[in-house]
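Okay, input16.cif now, which holds mmCIF, C-alpha atoms:
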```
data_work
#
loop_
_atom_site.label_atom_id
_atom_site.label_comp_id
_atom_site.auth_asym_id
_atom_site.auth_seq_id
_atom_site.Cartn_x
_atom_site.Cartn_y
_atom_site.Cartn_z
CA MET T 10 0.00 0.00 0.00
CA GLY T 11 2.92 2.32 0.56
CA GLY T 12 3.56 2.28 -3.19
CA ALA T 13 0.09 3.63 -3.98
CA SER T 14 0.50 6.67 -1.71
CA ASP T 15 3.90 7.47 -3.28
CA LEU T 16 2.27 7.36 -6.68
CA GLY T 17 -0.35 9.88 -5.54
CA ARG T 18 2.32 12.33 -4.34
CA ASP T 19 4.13 12.12 -7.67
CA PHE T 20 0.85 12.82 -9.48
CA ARG T 21 0.21 15.92 -7.35
CA ARG T 22 3.72 17.20 -7.98
CA LYS T 23 3.26 16.83 -11.74
CA GLY T 24 -0.04 18.71 -11.52
CA GLU T 25 1.62 21.57 -9.65
CA ARG T 26 4.32 21.80 -12.29
CA ALA T 27 1.71 21.81 -15.07
CA ARG T 28 -0.02 24.87 -13.55
CA ARG T 29 3.12 26.99 -13.91
CA SER T 30 3.36 28.85 -17.20
CA PRO T 31 5.98 27.20 -19.42
CA GLY T 32 8.58 29.24 -21.29
CA LEU T 33 8.20 32.41 -19.23
CA ASP T 34 10.70 33.62 -16.70
CA PRO T 35 9.56 35.73 -13.75
CA VAL T 36 11.07 39.20 -13.93
CA GLY T 37 9.71 40.75 -10.76
CA ASP T 38 7.01 40.56 -8.17
CA ARG T 39 4.42 43.33 -8.01
CA ASP T 40 1.84 43.05 -5.20
CA GLY T 41 2.27 39.32 -5.03
CA VAL T 42 1.78 38.83 -8.79
CA ALA T 43 4.76 37.76 -10.82
CA VAL T 44 5.45 39.99 -13.84
CA ARG T 45 6.61 37.86 -16.75
CA VAL T 46 8.24 38.73 -20.05
CA SER T 47 8.49 36.28 -22.91
CA ALA T 48 11.79 35.76 -24.67
CA ALA T 49 10.23 36.73 -28.01
CA MET T 50 9.11 40.14 -26.74
CA ALA T 51 12.54 40.85 -25.28
CA CYS T 52 14.19 39.89 -28.57
CA ALA T 53 11.82 42.07 -30.65
CA ALA T 54 12.50 45.07 -28.43
CA ALA T 55 16.26 44.64 -28.86
CA ARG T 56 16.12 44.58 -32.69
CA SER T 57 16.44 47.79 -34.66
CA PRO T 58 13.45 48.98 -36.75
CA ALA T 59 15.91 49.63 -39.58
CA GLU T 60 16.68 45.92 -40.08
CA GLN T 61 15.25 44.49 -43.31
CA ASP T 62 13.18 41.85 -41.55
CA ARG T 63 11.45 44.68 -39.62
CA PHE T 64 10.30 46.44 -42.83
CA ILE T 65 6.56 46.27 -43.53
CA CYS T 66 5.39 43.84 -46.23
CA ILE T 67 3.08 44.87 -49.04
CA TYR T 68 1.68 42.16 -51.29
CA PRO T 69 -0.11 43.12 -54.53
CA ALA T 70 -3.27 41.42 -53.22
CA TYR T 71 -3.53 44.11 -50.51
CA LEU T 72 -4.20 46.72 -53.23
CA ASN T 73 -6.13 44.64 -55.79
CA ASN T 74 -9.72 45.79 -56.42
CA LYS T 75 -10.57 42.35 -57.85
CA LYS T 76 -10.03 40.78 -54.42
CA THR T 77 -12.43 40.69 -51.50
CA ILE T 78 -11.35 41.43 -47.96
CA ALA T 79 -11.42 37.67 -47.29
CA GLU T 80 -9.06 37.18 -50.25
CA GLY T 81 -6.61 39.69 -48.80
CA ARG T 82 -7.53 43.21 -49.90
CA ARG T 83 -6.69 45.72 -47.15
CA ILE T 84 -7.92 49.03 -48.56
CA PRO T 85 -11.37 50.15 -49.80
CA VAL T 86 -12.41 48.96 -53.28
CA SER T 87 -12.91 52.58 -54.38
CA LYS T 88 -9.22 53.31 -53.74
CA ALA T 89 -7.81 49.95 -54.87
CA VAL T 90 -6.13 49.26 -58.23
CA GLU T 91 -6.83 46.61 -60.85
CA ASN T 92 -4.18 43.86 -60.69
CA PRO T 93 -1.15 45.73 -59.31
CA THR T 94 2.27 44.06 -59.51
CA ALA T 95 5.11 44.01 -57.00
CA THR T 96 7.37 45.94 -59.41
CA GLU T 97 4.76 48.71 -59.70
CA ILE T 98 4.58 48.95 -55.91
CA GLN T 99 8.37 49.08 -55.76
CA ASP T 100 8.54 51.82 -58.42
CA VAL T 101 6.07 54.06 -56.57
CA CYS T 102 7.71 53.58 -53.16
CA SER T 103 11.23 54.19 -54.42
CA ALA T 104 10.11 57.28 -56.40
CA VAL T 105 8.73 58.90 -53.24
CA GLY T 106 11.99 58.21 -51.37
CA LEU T 107 11.22 55.15 -49.25
CA ASN T 108 13.82 52.43 -48.73
CA VAL T 109 12.40 49.43 -50.64
CA LEU T 110 13.29 45.77 -51.06
CA LEU T 111 11.60 43.63 -53.77
CA GLU T 112 11.29 39.91 -53.10
CA LYS T 113 10.23 38.39 -56.44
CA ASN T 114 9.89 34.76 -55.36
CA LYS T 115 7.59 35.39 -52.41
CA MET T 116 3.91 34.56 -52.68
CA TYR T 117 0.88 35.75 -50.70
CA SER T 118 -0.51 32.84 -48.74
CA ARG T 119 -4.15 33.48 -49.73
CA GLU T 120 -3.31 33.72 -53.43
CA TRP T 121 -4.40 30.54 -55.19
CA ASN T 122 -3.13 31.59 -58.62
CA ARG T 123 0.58 30.80 -59.04
CA ASP T 124 1.15 32.96 -62.15
CA VAL T 125 4.20 35.23 -62.36
CA GLN T 126 1.86 38.23 -62.41
CA TYR T 127 0.76 37.54 -58.81
CA LYS T 128 4.21 36.69 -57.41
CA GLY T 129 6.33 39.00 -55.32
CA ARG T 130 6.17 41.16 -52.25
CA VAL T 131 7.67 44.51 -51.39
CA ARG T 132 9.28 45.35 -48.06
CA VAL T 133 9.22 49.03 -47.12
CA GLN T 134 11.13 50.75 -44.32
CA LEU T 135 8.84 52.96 -42.23
CA LYS T 136 11.09 53.69 -39.24
CA GLN T 137 14.74 54.57 -38.82
CA GLU T 138 17.11 53.03 -36.27
CA ASP T 139 16.16 55.53 -33.58
CA GLY T 140 12.44 54.71 -34.06
CA SER T 141 11.50 57.94 -35.85
CA LEU T 142 9.58 57.83 -39.13
CA CYS T 143 11.54 57.79 -42.39
CA LEU T 144 8.98 60.08 -44.05
CA LEU T 145 6.42 62.01 -41.98
CA GLN T 146 3.72 61.57 -44.63
CA PHE T 147 3.74 57.79 -43.98
CA PRO T 148 3.06 57.18 -40.27
CA SER T 149 1.45 53.76 -40.84
CA ARG T 150 1.40 50.85 -43.27
CA LYS T 151 -2.12 51.79 -44.35
CA SER T 152 -1.00 55.28 -45.38
CA VAL T 153 1.71 53.71 -47.58
CA MET T 154 -0.80 51.32 -49.18
CA LEU T 155 -3.29 54.13 -49.90
CA TYR T 156 -0.57 56.30 -51.45
CA VAL T 157 0.73 53.46 -53.61
CA ALA T 158 -2.80 52.61 -54.80
CA GLU T 159 -3.34 56.26 -55.70
CA MET T 160 -0.09 56.52 -57.68
CA ILE T 161 -0.02 53.19 -59.60
CA PRO T 162 -2.60 54.31 -62.21
CA LYS T 163 -0.40 57.35 -62.93
CA LEU T 164 2.67 55.23 -63.78
CA LYS T 165 3.96 55.47 -67.37
CA THR T 166 3.55 51.72 -67.86
CA ARG T 167 -0.16 51.99 -67.02
CA THR T 168 -0.83 55.10 -69.14
CA GLN T 169 1.09 53.76 -72.18
CA LYS T 170 -0.86 50.49 -72.15
CA ALA T 171 -4.17 52.36 -72.44
CA GLY T 172 -3.18 54.99 -75.04
CA GLY T 173 -0.30 53.47 -77.02
CA GLY T 174 -1.80 50.05 -77.67
CA ASP T 175 -4.76 51.10 -79.87
CA PRO T 176 -2.90 52.38 -83.01
CA SER T 177 -0.76 49.25 -83.24
CA LEU T 178 -3.87 47.04 -83.09
CA GLN T 179 -5.52 49.01 -85.89
CA GLN T 180 -2.46 48.68 -88.12
CA GLY T 181 -2.36 44.95 -87.50
CA GLU T 182 -6.02 44.58 -88.43
CA GLY T 183 -5.51 46.56 -91.65
CA SER T 184 -2.70 44.30 -92.81
CA LYS T 185 -4.83 41.21 -92.12
CA LYS T 186 -7.64 42.58 -94.29
CA GLY T 187 -5.21 43.19 -97.13
CA LYS T 188 -3.94 39.60 -96.98
CA GLY T 189 -7.49 38.28 -97.00
CA LYS T 190 -8.34 40.13 -100.22
CA LYS T 191 -5.27 38.82 -102.00
CA LYS T 192 -6.27 35.22 -101.22
CA LYS T 193 -9.60 35.61 -103.05
#
```

Using the file provided, produce a representation of the structure as C-alpha cells.
Amino acid sequence: MGGASDLGRDFRRKGERARRSPGLDPVGDRDGVAVRVSAAMACAAARSPAEQDRFICIYPAYLNNKKTIAEGRRIPVSKAVENPTATEIQDVCSAVGLNVLLEKNKMYSREWNRDVQYKGRVRVQLKQEDGSLCLLQFPSRKSVMLYVAEMIPKLKTRTQKAGGGDPSLQQGEGSKKGKGKKKK
C-alpha cells in the first residue's frame, strides 16, 4: 500500500508543475503577482526597426480591387487598383523616397493563382534606427498602401498600355484585311 501513496504524491507534484506557465521567466514581483516577459518580446524590443526583416510587407493582393477582404484586400475597393504588380509597388515607393526591397519569389498565402503576375512582395522601411519615421507623410502601413494605390494608375507603364496600344492594333487589323483580299 505504501507504493500507492507514493504514486499519488508524484501525481500531485506533476499537476503543480503543469499549472506553472511554461517558457516564461519571472522578472519581478508586483503586489504578489509575478510579472513575466516572454523571450520573443525581449528579442523584438532589442532589434532595430531599420533591419530588413522589420520592414513592412506589401503584397499586390492588398491593393487589388478584384479581391475581397477575405481574399486579402486591405484598402477600400474605391481606392484599390486593378491587378497591381510588385514591381509597380516598388517603383512608386522608391520614387517617393522610401527604402524598398523587392522579393520576387515570395507569394501571398491566400493567393491561389501561381502565375508570375501575382508573385512578389515589397518590403518598405517605415522607421529609422532611432524609431522615428523615415517620411512624416507615412506614419502607418495603411498610409503607404493608400498612397501606392493612388499613384499606380499614374505610372507610365499603365498610361502607355491604355493609349499606345490602340494604333498598333488598328495597323495589324488593316494588314490582315489586305492579306485576305489577296487570297480571293

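Within 8 Å of region 152-165 of chain T there are Ile67, Tyr71, Leu72, Ile84, Lys88, Ala89, Val90, Pro93, Glu97, Ile98, Val101, Cys102, Gln146, Phe147, Pro148, Ser149, Arg150, Arg167, Thr168 and Gln169 of chain T, counting only C-alpha atoms and ignoring same-chain residues fewer than 2 positions away.
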
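Closest approach to Gln61 (chain T) among T:Gln134, T:Ser103, T:Thr166, T:Thr94: T:Gln134, based on only C-alpha atoms.
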
Determine the residue membership of the PyMOL selection byres ((chain T and resi 135) around 10) for the file above and supply it as number ranges by chain. T: 58-59, 63-65, 107-109, 132-134, 136-137, 140-145, 147-150, 153

The PyMOL selection byres ((chain T and resi 68) around 8) on the file shown: which residues, as a VMD selection string? chain T and resid 66 to 67 69 to 72 95 117 129 to 131

In Å, rounded to a single decimal, give me how far CA of Ser87 (chain T) is from CA of Lys75 (chain T). 11.1 Å

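The two atoms in question, CA of Lys128 (chain T) and CA of Leu110 (chain T), are spaced 14.3 Å apart.
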
Identify, on the basis of only C-alpha atoms, every residue whose closest approach to Val86 (chain T) does not exceed 10 Å; exclude the query and any residue fewer than 5 positions from it along the same chain; express the result as a compact mmCIF listing (two decimals) with C-alpha atoms, in the coordinates of the input.
```txt
# COMPACT_ATOMS: atom_id res chain seq x y z
CA LEU T 72 -4.20 46.72 -53.23
CA ASN T 73 -6.13 44.64 -55.79
CA ASN T 74 -9.72 45.79 -56.42
CA LYS T 75 -10.57 42.35 -57.85
CA LYS T 76 -10.03 40.78 -54.42
CA THR T 77 -12.43 40.69 -51.50
CA ILE T 78 -11.35 41.43 -47.96
CA GLU T 91 -6.83 46.61 -60.85
```

Residue among T:Ser57, T:Arg123, T:Lys151, T:Lys170 lying closest to Arg83 (chain T), counting all atoms listed in the file: T:Lys151

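Coordinates place CA of Asn92 (chain T) at a distance of 16.7 Å from CA of Lys115 (chain T).
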
Run the PyMOL selection byres ((chain T and resi 119) around 8) mentally over the shown coordinates, then write out the matched residues as number ranges by chain, using the chain letters and numbers from the document. T: 80-81, 117-118, 120-121
